[in-house]
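K.L.:
Have a look at this one before I ask anything.
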Amino acid sequence: MEGLRVAGVTEVVIGKGMPSPLLPKRPDRRRVAILTQPGATSKALEVAGALRSEDLLAEVIGLPDREEAKTLGVAESVYESFAKFGLSRGDTVIGVGGGTVTDLAGYVAGTWLRGVEVVHIPTTLLGAVDASIGGKTGVNLAGKNLVGVIWHPRLVVVDTQVMDALPPALLSEGMAEAFKTGLVGDAGLCSLLVSQGLEAPLDEVVRRAIVVKAAIVTRDEREHGDRVYLNYGHTLGHAIEFASALSHGESVGLGMIAASRMSERAHGFDGMDMVVSTIDRLGLPTSVEGLDAARVLDLLRHDKKRDGDGLRMVLLREIEDPVLDHVEESDIEIGLSAVGL
Ligand SMILES: NC(=O)c1ccc[n+]([C@@H]2O[C@H](COP(=O)([O-])OP(=O)(O)OC[C@H]3O[C@@H](n4cnc5c(N)ncnc54)[C@H](O)[C@@H]3O)[C@@H](O)[C@H]2O)c1
């Protein structure tokens, strides 16, 4: 098992299986509340078993699946479960599941008794390479992630064995985020994905993606600077996702292609062909039909990343060299035309 550190706070352990003991010993910890979702229940039960054998009281709390978990109503019912269980200041919350579980677990841990320790055990690739790292937590209101705190996990355990049987759509989705991280910070990760696609070794993909995200988050925890680069492909991707029936990963893949075309025009970025062929190798679409470009543009006119001068987007001068640019609607139209819009 291999260890890494994020923002000076989070220890990350990557490997097959789980460390033993799972949690570093602490005399004031008696109880552990384990939050999970339908697709990760067996892992959560395994975690509970491991903790009980370490003489801790462990309780598994099931959450609704996917975004249904990220509401204030669910947070309230979890607080009530914590109260009944007697979760106190020295105790620990563990999120076992995808990004929705770790976002909610981080939020309730960061607010219960003004903050108790949280540990994440991501069971989706997106959770491992992105959502469980960096301390962003949140629940949705009228918009996504409108309420949240920055609350770093003490420990993240990535058991890549859990991901061996991930459904193809979830694998592609996680790989898309890993590729994004490679584009902004690790040319070697891009080479790995362009040459091996979905066959790329998960341990290495996860480790490389976390190393990049860890370095960026350590420099800029609150997204005043470099952290924004991790949004590469996401501004257009979110608009495409909203306007279509495509998944988040599929939409971000298209967003990365469109942003690469814009990068080519604005900065002479020469990786456009590599981006398109990697997205294809990751099992994601490289163009979209039946979607109205005007609708996507309209959504972008209301994007929260706008300021007085228009929309700002992350572009690439080259791989590992991102830049935040003001972009015109005509630039975006050219980007969208690269994915058939
Ligand atoms: N905090 C952050 O920095 C950050 C970053 C990126 C994304 N996110 C958030 O992450 C969320 C998306 O995360 P996600 O894609 O992991 O989605 P998710 O948590 O909704 O999980 C997707 C599906 O996978 C199932 N599942 C989980 N583990 C599985 C396994 N091992 N095998 C089979 N199925 C499994 C779940 O039950 C669910 O149905 C979004 O809410 C997004 O906002 C947060």
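Naming works like this for the structure tokens: A, B, ... for the chains as they're shown, residue 1 at the start of each chain, ligands 1 onward in shown order.
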Can you pull out the residues contacting segment 151-160 of chain A? Cut-off 6 Å, using only C-alpha atoms, and skip same-chain residues under 4 positions away; I want them as a list in words.
P.N.:
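Selected residues are Thr10, Glu11, Val12, Val13, Ile14, Gly15, Lys16, Gly17, Gly110, Val118, Val119, His120, Ile121 and Gly135 of chain A.
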K.L.:
Which residues are near Gly271 of chain A? Cut-off 12 Å, only C-alpha atoms, ignore same chain within fewer than 6 positions. Put them as a PyMOL selection string.
P.N.:
chain A and resi 183+187+190-191+194+256-257+259-265+277-278+315-321
K.L.:
Taking into account only C-alpha atoms and all ligand atoms, which residue in the set A:Glu59, A:Glu177, A:Asp28, A:Asp292 is nearest to ligand 1?
P.N.:
A:Glu177
K.L.:
Please return as JSON, numbers by chain: the residues of segment 151-330 of chain A that backbone DSSP assigns to helix (DSSP H, G or I).
P.N.:
{"A": [160, 161, 162, 163, 164, 165, 168, 169, 170, 171, 172, 173, 174, 175, 176, 177, 178, 179, 180, 181, 182, 183, 184, 185, 187, 188, 189, 190, 191, 192, 193, 194, 195, 196, 197, 198, 199, 202, 203, 204, 205, 206, 207, 208, 209, 210, 211, 212, 213, 214, 215, 216, 217, 218, 219, 226, 227, 228, 229, 230, 231, 234, 235, 236, 237, 238, 239, 240, 241, 242, 243, 248, 249, 250, 251, 252, 253, 254, 255, 256, 257, 258, 259, 260, 261, 262, 263, 264, 265, 266, 267, 272, 273, 274, 275, 276, 277, 278, 279, 280, 281, 293, 294, 295, 296, 297, 298, 299, 300, 301, 329, 330]}
K.L.:
Have a look at A:Gly86, A:Gly8, A:Gly143, A:Gly115 and name the one nearest to ligand 1; count only C-alpha atoms and all ligand atoms.
P.N.:
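Selected residue with least distance to ligand 1: A:Gly143.
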K.L.:
Taking only C-alpha atoms and all ligand atoms and a cut-off of 9 Å, can you tell me which residues surround ligand 1, written as an MDAnalysis selection string?
P.N.:
chainID A and resid 36:41 43 64:70 96:104 106 122:140 144:145 161:167 170 173:174 177 248:249
K.L.:
Could those residues be written to a file, using C-alpha atoms, as a CSV table (one decimal), in the first residue's frame?
P.N.:
chain,number,residue,atom,x,y,z
A,36,THR,CA,-23.0,4.5,2.6
A,37,GLN,CA,-25.3,4.0,-0.5
A,38,PRO,CA,-26.9,1.0,-2.2
A,39,GLY,CA,-23.9,0.3,-4.5
A,40,ALA,CA,-21.4,0.3,-1.7
A,41,THR,CA,-23.3,-1.5,1.1
A,43,LYS,CA,-18.0,-2.6,1.4
A,64,PRO,CA,-30.5,7.3,-0.6
A,65,ASP,CA,-28.7,6.7,-3.9
A,66,ARG,CA,-26.9,9.3,-6.0
A,67,GLU,CA,-27.8,13.0,-5.7
A,68,GLU,CA,-30.9,12.1,-3.5
A,69,ALA,CA,-28.3,11.8,-0.7
A,70,LYS,CA,-27.1,15.3,-1.0
A,96,VAL,CA,-18.0,4.5,2.0
A,97,GLY,CA,-19.3,5.1,-1.5
A,98,GLY,CA,-19.2,7.4,-4.5
A,99,GLY,CA,-18.8,11.2,-4.5
A,100,THR,CA,-22.4,11.8,-3.3
A,101,VAL,CA,-21.6,9.8,-0.1
A,102,THR,CA,-18.3,11.4,0.6
A,103,ASP,CA,-19.7,14.9,-0.1
A,104,LEU,CA,-22.5,14.3,2.4
A,106,GLY,CA,-17.8,15.4,4.8
A,122,PRO,CA,-14.3,5.9,-2.2
A,123,THR,CA,-15.9,3.0,-4.1
A,124,THR,CA,-16.2,4.7,-7.5
A,125,LEU,CA,-13.3,5.8,-9.6
A,126,LEU,CA,-14.6,9.4,-9.7
A,127,GLY,CA,-14.7,9.3,-5.9
A,128,ALA,CA,-11.2,8.1,-5.7
A,129,VAL,CA,-9.5,10.5,-8.2
A,130,ASP,CA,-11.6,13.5,-7.4
A,131,ALA,CA,-14.5,13.8,-4.9
A,132,SER,CA,-12.8,12.3,-1.8
A,133,ILE,CA,-9.7,14.5,-2.1
A,134,GLY,CA,-9.5,18.2,-1.3
A,135,GLY,CA,-12.1,18.8,1.4
A,136,LYS,CA,-15.0,20.2,-0.6
A,137,THR,CA,-18.2,19.0,0.8
A,138,GLY,CA,-21.8,19.9,0.1
A,139,VAL,CA,-25.5,19.4,-0.3
A,140,ASN,CA,-27.7,20.7,-3.1
A,144,LYS,CA,-25.7,21.9,-6.9
A,145,ASN,CA,-23.4,22.1,-3.9
A,161,GLN,CA,-10.1,-4.0,-5.7
A,162,VAL,CA,-13.5,-2.6,-5.1
A,163,MET,CA,-13.3,-0.9,-8.5
A,164,ASP,CA,-12.4,-4.0,-10.5
A,165,ALA,CA,-16.1,-4.7,-11.0
A,166,LEU,CA,-17.3,-1.1,-11.6
A,167,PRO,CA,-20.0,-0.9,-14.4
A,170,LEU,CA,-18.8,4.5,-14.0
A,173,GLU,CA,-16.8,8.6,-15.9
A,174,GLY,CA,-13.9,8.3,-13.4
A,177,GLU,CA,-11.9,13.1,-14.5
A,248,HIS,CA,-21.7,13.9,-16.3
A,249,GLY,CA,-18.6,12.0,-17.6
